[in-house]
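Here the structure is laid out as structure tokens; the discussion comes afterwards.
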Number of protein chains: 2
Amino acid sequence: MSKERPTIADVAQRAGVSKGSVSFALNGRPGLAQATVDRILAAADELGWRPSNRARSLSVSKAFALGLVITRDPAVLSSDPFFPAFIAGVESVLGPRGQALVLQVVTPGESEADGYRRLASDGRVDGVFLSDLRHEDPRIDLLTELGLPAVTLNRPDGGSPFPAVVLDDRPGTIAVVEHLVGLGHRRIAHVAGPPTFVHATARTAAFVRALADAGLEPAAIEVSDFTAAGGIAATQRLLARPDRPTAIVYANDRMAIAGLGAAQQAGLTVPDDISMAGFDDSELAEFVHPGLTTVRADPYAFGEAAAQALNQLIDGPGEVADTELPPARLVVRRSTARLEEK
Amino acid sequence: MSKERPTIADVAQRAGVSKGSVSFALNGRPGLAQATVDRILAAADELGWRPSNRARSLSVSKAFALGLVITRDPAVLSSDPFFPAFIAGVESVLGPRGQALVLQVVTPGESEADGYRRLASDGRVDGVFLSDLRHEDPRIDLLTELGLPAVTLNRPDGGSPFPAVVLDDRPGTIAVVEHLVGLGHRRIAHVAGPPTFVHATARTAAFVRALADAGLEPAAIEVSDFTAAGGIAATQRLLARPDRPTAIVYANDRMAIAGLGAAQQAGLTVPDDISMAGFDDSELAEFVHPGLTTVRADPYAFGEAAAQALNQLIDGPGEVADTELPPARLVVRRSTARLEEK
């Protein structure tokens, strides 16, 4: 046996199961056969596995604080409508309980894992929110290693031992597509977020699925990055196509508002020449010209529910069920209109 | 003597000085005559005054965390470009030192003072950032009472015992006015932020001053609230005036971008019919149509400098000087143009 402290990968190998199963067993989550759980716990015991958070293993005292690690370029974060409202929702639960929110902003190039380790060290927080889930997100294993309770914002695709708080983006995206198809549009394009993110691909998949249900193919899918600059560039590529789409569905409002600007810059009138829709219902969506048809989620309620779930997990004992929030819904404004025959 | 614990107001009364002077003396800041300092310290001693932070008085141990209290409606906070970038700048200093940022979002109606008390209690943070300064800001006294080290973002108008990190908004606003006057505009209006905020009135005062230097009076000043909805309403009032202004200077980009929408909604073309300028250079400013002439501050650098100053204060000993950052500067885009004679 190596002198390195054993990891859950070592436990998984010894027990002959996936790392995900080890996470489930070590966190006491249901869904595994009891024999499997026993085998995993035995393997962990034989290897001397323990969570790496010194404070957590030495003491039952609480930090009365929850942690949030945000990995984002500061310039992008500046106009992200999600986190401030999410954080306000979290605080609405923490405030009355005398809990604090500890925030770490990790900029690209820094180690995100270090961000979580820092929060775990010295028992600085009792648990964390896991946001911006990526496909096969390595932070699931990391948090299991750190022994840090967590709730995930939406459901990881690789299995997870942690309770999820779910706000389903798909019905909103589907409603946008149905709205545009109902207005006569047939050449509908999508400007997607980065495919590393679970929520970005969920929106793209819902877009493709809703078109297929209407017997249509996407006119084009431009992969972008949720930024205004990315939205401009993607829109310009779409407008330059010989078979220019008659409608564009953006994966967030920021790219859509930039897209409105790009269309006007190109001499097009929205919605007469092209319809455009966003996602978020951010504050400016209502006030740009034309007002942006979009999808309204409620990040404040998301924060509230996530804080409640995380506190329930920390307070224990017992199983914490996943929370399903009302899905995002369509808000129709002026930026989408009936396709006029030319 | 009352059984209540003495406040700095009590100390001020006994020493026959202002509360501000008491704050200065108790925080060891210069600027008072030594005799005054001695009298204040004697009064504090006689009254048994001490900072109310139990942890701070019981121990010299550090929390290795800094605190930020943000008082903002979640909906407004969602599209505020300042705090996320400011926080990222703060984190760039805290991260390498292993410090955490503890965030409290206080929504309107909640007690802001409780937010600071919560941070001070149990020594949860070693110091705080004081943002969104108001005129005669009561938090200066509160933090002195709590014995909590602080830096202020910009300089309070009522005197302050705390080091200030200053990013002067005025040169940027003056440059906007000079730019518009240079383009031939004479009827220039201002959409201001709430006059309770020091930075809002600083921008308004700079606007009025720059016009006066050009021999002009403001065409109108509409007091608004930094929100998009407020920007729309203020713009509509300005556009309805018989002597409609030919240019509008907004106190932030969000109101200005909403103003662009309101002008287009009213059938006007920006900048042909009316010029508009913002303040912030938020991400969307470059990408709306027409691109917004605005003033660029650097909230990331502001956060960095504020964190450095606060750490210097906490690490002590010795005086921490105020920090002056490069002032915000004009960014000219398409939303402002030469006034055409009609």
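Chain labels follow the order of the structure tokens: the first chain is A, the next B, and so on; residue numbering restarts at 1 in every chain, and ligands are counted from 1 in their shown order.
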
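With only C-alpha atoms taken into account, the protein and nucleic acid residues at most 8 Å from A:Ser275 (excluding it and anything under 6 positions from it in its own chain) are Thr246, Ala247, Ile248, Ser335, Thr336 and Ala337 of chain A.
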
Proximity check chain B to chain A, 7 Å, nearest pairs one decimal Å, only C-alpha atoms, as JSON lines:
{"residue": "B:Pro74", "atom": "CA", "partner": "A:Ala85", "partner_atom": "CA", "distance": 5.0}
{"residue": "B:Ala75", "atom": "CA", "partner": "A:Ala85", "partner_atom": "CA", "distance": 6.5}
{"residue": "B:Leu77", "atom": "CA", "partner": "A:Pro84", "partner_atom": "CA", "distance": 5.9}
{"residue": "B:Ser78", "atom": "CA", "partner": "A:Pro81", "partner_atom": "CA", "distance": 4.5}
{"residue": "B:Ser79", "atom": "CA", "partner": "A:Pro81", "partner_atom": "CA", "distance": 5.6}
{"residue": "B:Pro81", "atom": "CA", "partner": "A:Ser78", "partner_atom": "CA", "distance": 4.6}
{"residue": "B:Phe82", "atom": "CA", "partner": "A:Ser78", "partner_atom": "CA", "distance": 6.7}
{"residue": "B:Pro84", "atom": "CA", "partner": "A:Ser78", "partner_atom": "CA", "distance": 4.9}
{"residue": "B:Ala85", "atom": "CA", "partner": "A:Pro74", "partner_atom": "CA", "distance": 5.1}
{"residue": "B:Ala88", "atom": "CA", "partner": "A:Pro74", "partner_atom": "CA", "distance": 5.7}
{"residue": "B:Glu91", "atom": "CA", "partner": "A:Val105", "partner_atom": "CA", "distance": 6.1}
{"residue": "B:Gly98", "atom": "CA", "partner": "A:Arg118", "partner_atom": "CA", "distance": 6.9}
{"residue": "B:Ala100", "atom": "CA", "partner": "A:Val102", "partner_atom": "CA", "distance": 6.5}
{"residue": "B:Leu101", "atom": "CA", "partner": "A:Leu103", "partner_atom": "CA", "distance": 5.5}
{"residue": "B:Val102", "atom": "CA", "partner": "A:Val102", "partner_atom": "CA", "distance": 4.4}
{"residue": "B:Leu103", "atom": "CA", "partner": "A:Leu101", "partner_atom": "CA", "distance": 5.5}
{"residue": "B:Gln104", "atom": "CA", "partner": "A:Glu91", "partner_atom": "CA", "distance": 6.8}
{"residue": "B:Val105", "atom": "CA", "partner": "A:Ala88", "partner_atom": "CA", "distance": 5.8}
{"residue": "B:Arg118", "atom": "CA", "partner": "A:Gly98", "partner_atom": "CA", "distance": 6.9}
{"residue": "B:Ala228", "atom": "CA", "partner": "A:Leu284", "partner_atom": "CA", "distance": 6.3}
{"residue": "B:Ile257", "atom": "CA", "partner": "A:Val288", "partner_atom": "CA", "distance": 7.0}
{"residue": "B:Ala258", "atom": "CA", "partner": "A:Phe287", "partner_atom": "CA", "distance": 5.2}
{"residue": "B:Gly261", "atom": "CA", "partner": "A:His289", "partner_atom": "CA", "distance": 4.5}
{"residue": "B:Gln264", "atom": "CA", "partner": "A:His289", "partner_atom": "CA", "distance": 6.6}
{"residue": "B:Gln265", "atom": "CA", "partner": "A:His289", "partner_atom": "CA", "distance": 6.6}
{"residue": "B:Glu283", "atom": "CA", "partner": "A:Ser79", "partner_atom": "CA", "distance": 6.5}
{"residue": "B:Leu284", "atom": "CA", "partner": "A:Ala228", "partner_atom": "CA", "distance": 6.3}
{"residue": "B:Phe287", "atom": "CA", "partner": "A:Ala258", "partner_atom": "CA", "distance": 5.2}
{"residue": "B:Val288", "atom": "CA", "partner": "A:Gly261", "partner_atom": "CA", "distance": 4.7}
{"residue": "B:His289", "atom": "CA", "partner": "A:Gly261", "partner_atom": "CA", "distance": 4.5}

Pick from A:Ala206, A:Ala25, A:Ala33, A:Ile8, whichever lies nearest to A:Phe162 using only C-alpha atoms
A:Ala25

Enumerate as a count of residues only all residues of stretch 168-245 of chain B assigned to strand (DSSP E) by DSSP on the backbone, naming them with the chain letters and numbers the document uses.
9

Stretch 47-232 of chain B: which residues are helix (DSSP H, G or I) by DSSP, as a ChimeraX atom specification?
/B:47,54-58,74-78,82-97,112-123,139-146,170-182,198-213,228-232

Would you kindly return, as a PyMOL selection string, each protein, DNA or RNA residue with an atom no farther than 8 Å from any atom of stretch 305-312 of chain B, considering only C-alpha atoms and excluding same-chain residues fewer than 6 positions away?
chain B and resi 90+93-94+127-129+149-151+153+163+165+320+323

Give me the residues within 8 Å of B:Glu136 as number ranges by chain, counting only C-alpha atoms and dropping any in the same chain fewer than 6 places off.
B: 156-158

Could you pull the residues within 10 Å of A:Ala297, counting only C-alpha atoms, minus those fewer than 4 positions along the same chain, as a VMD selection string?
chain A and resid 82 167 to 169 172 279 to 282 301 to 302 325 to 330

If you count only C-alpha atoms, the residue of A:Arg237, A:Arg14, A:Arg244, A:His199 closest to A:Ala219 turns out to be A:Arg244

In terms of the shortest atom-to-atom distance over only C-alpha atoms, which of A:Tyr116, A:Leu183, A:Asp322, A:Ala192 is closest to A:Thr152?
A:Asp322

Nearest to B:Arg333 by atom-to-atom distance, counting only C-alpha atoms, from B:Ile314, B:Ala214, B:Leu292, B:Ala321
B:Leu292
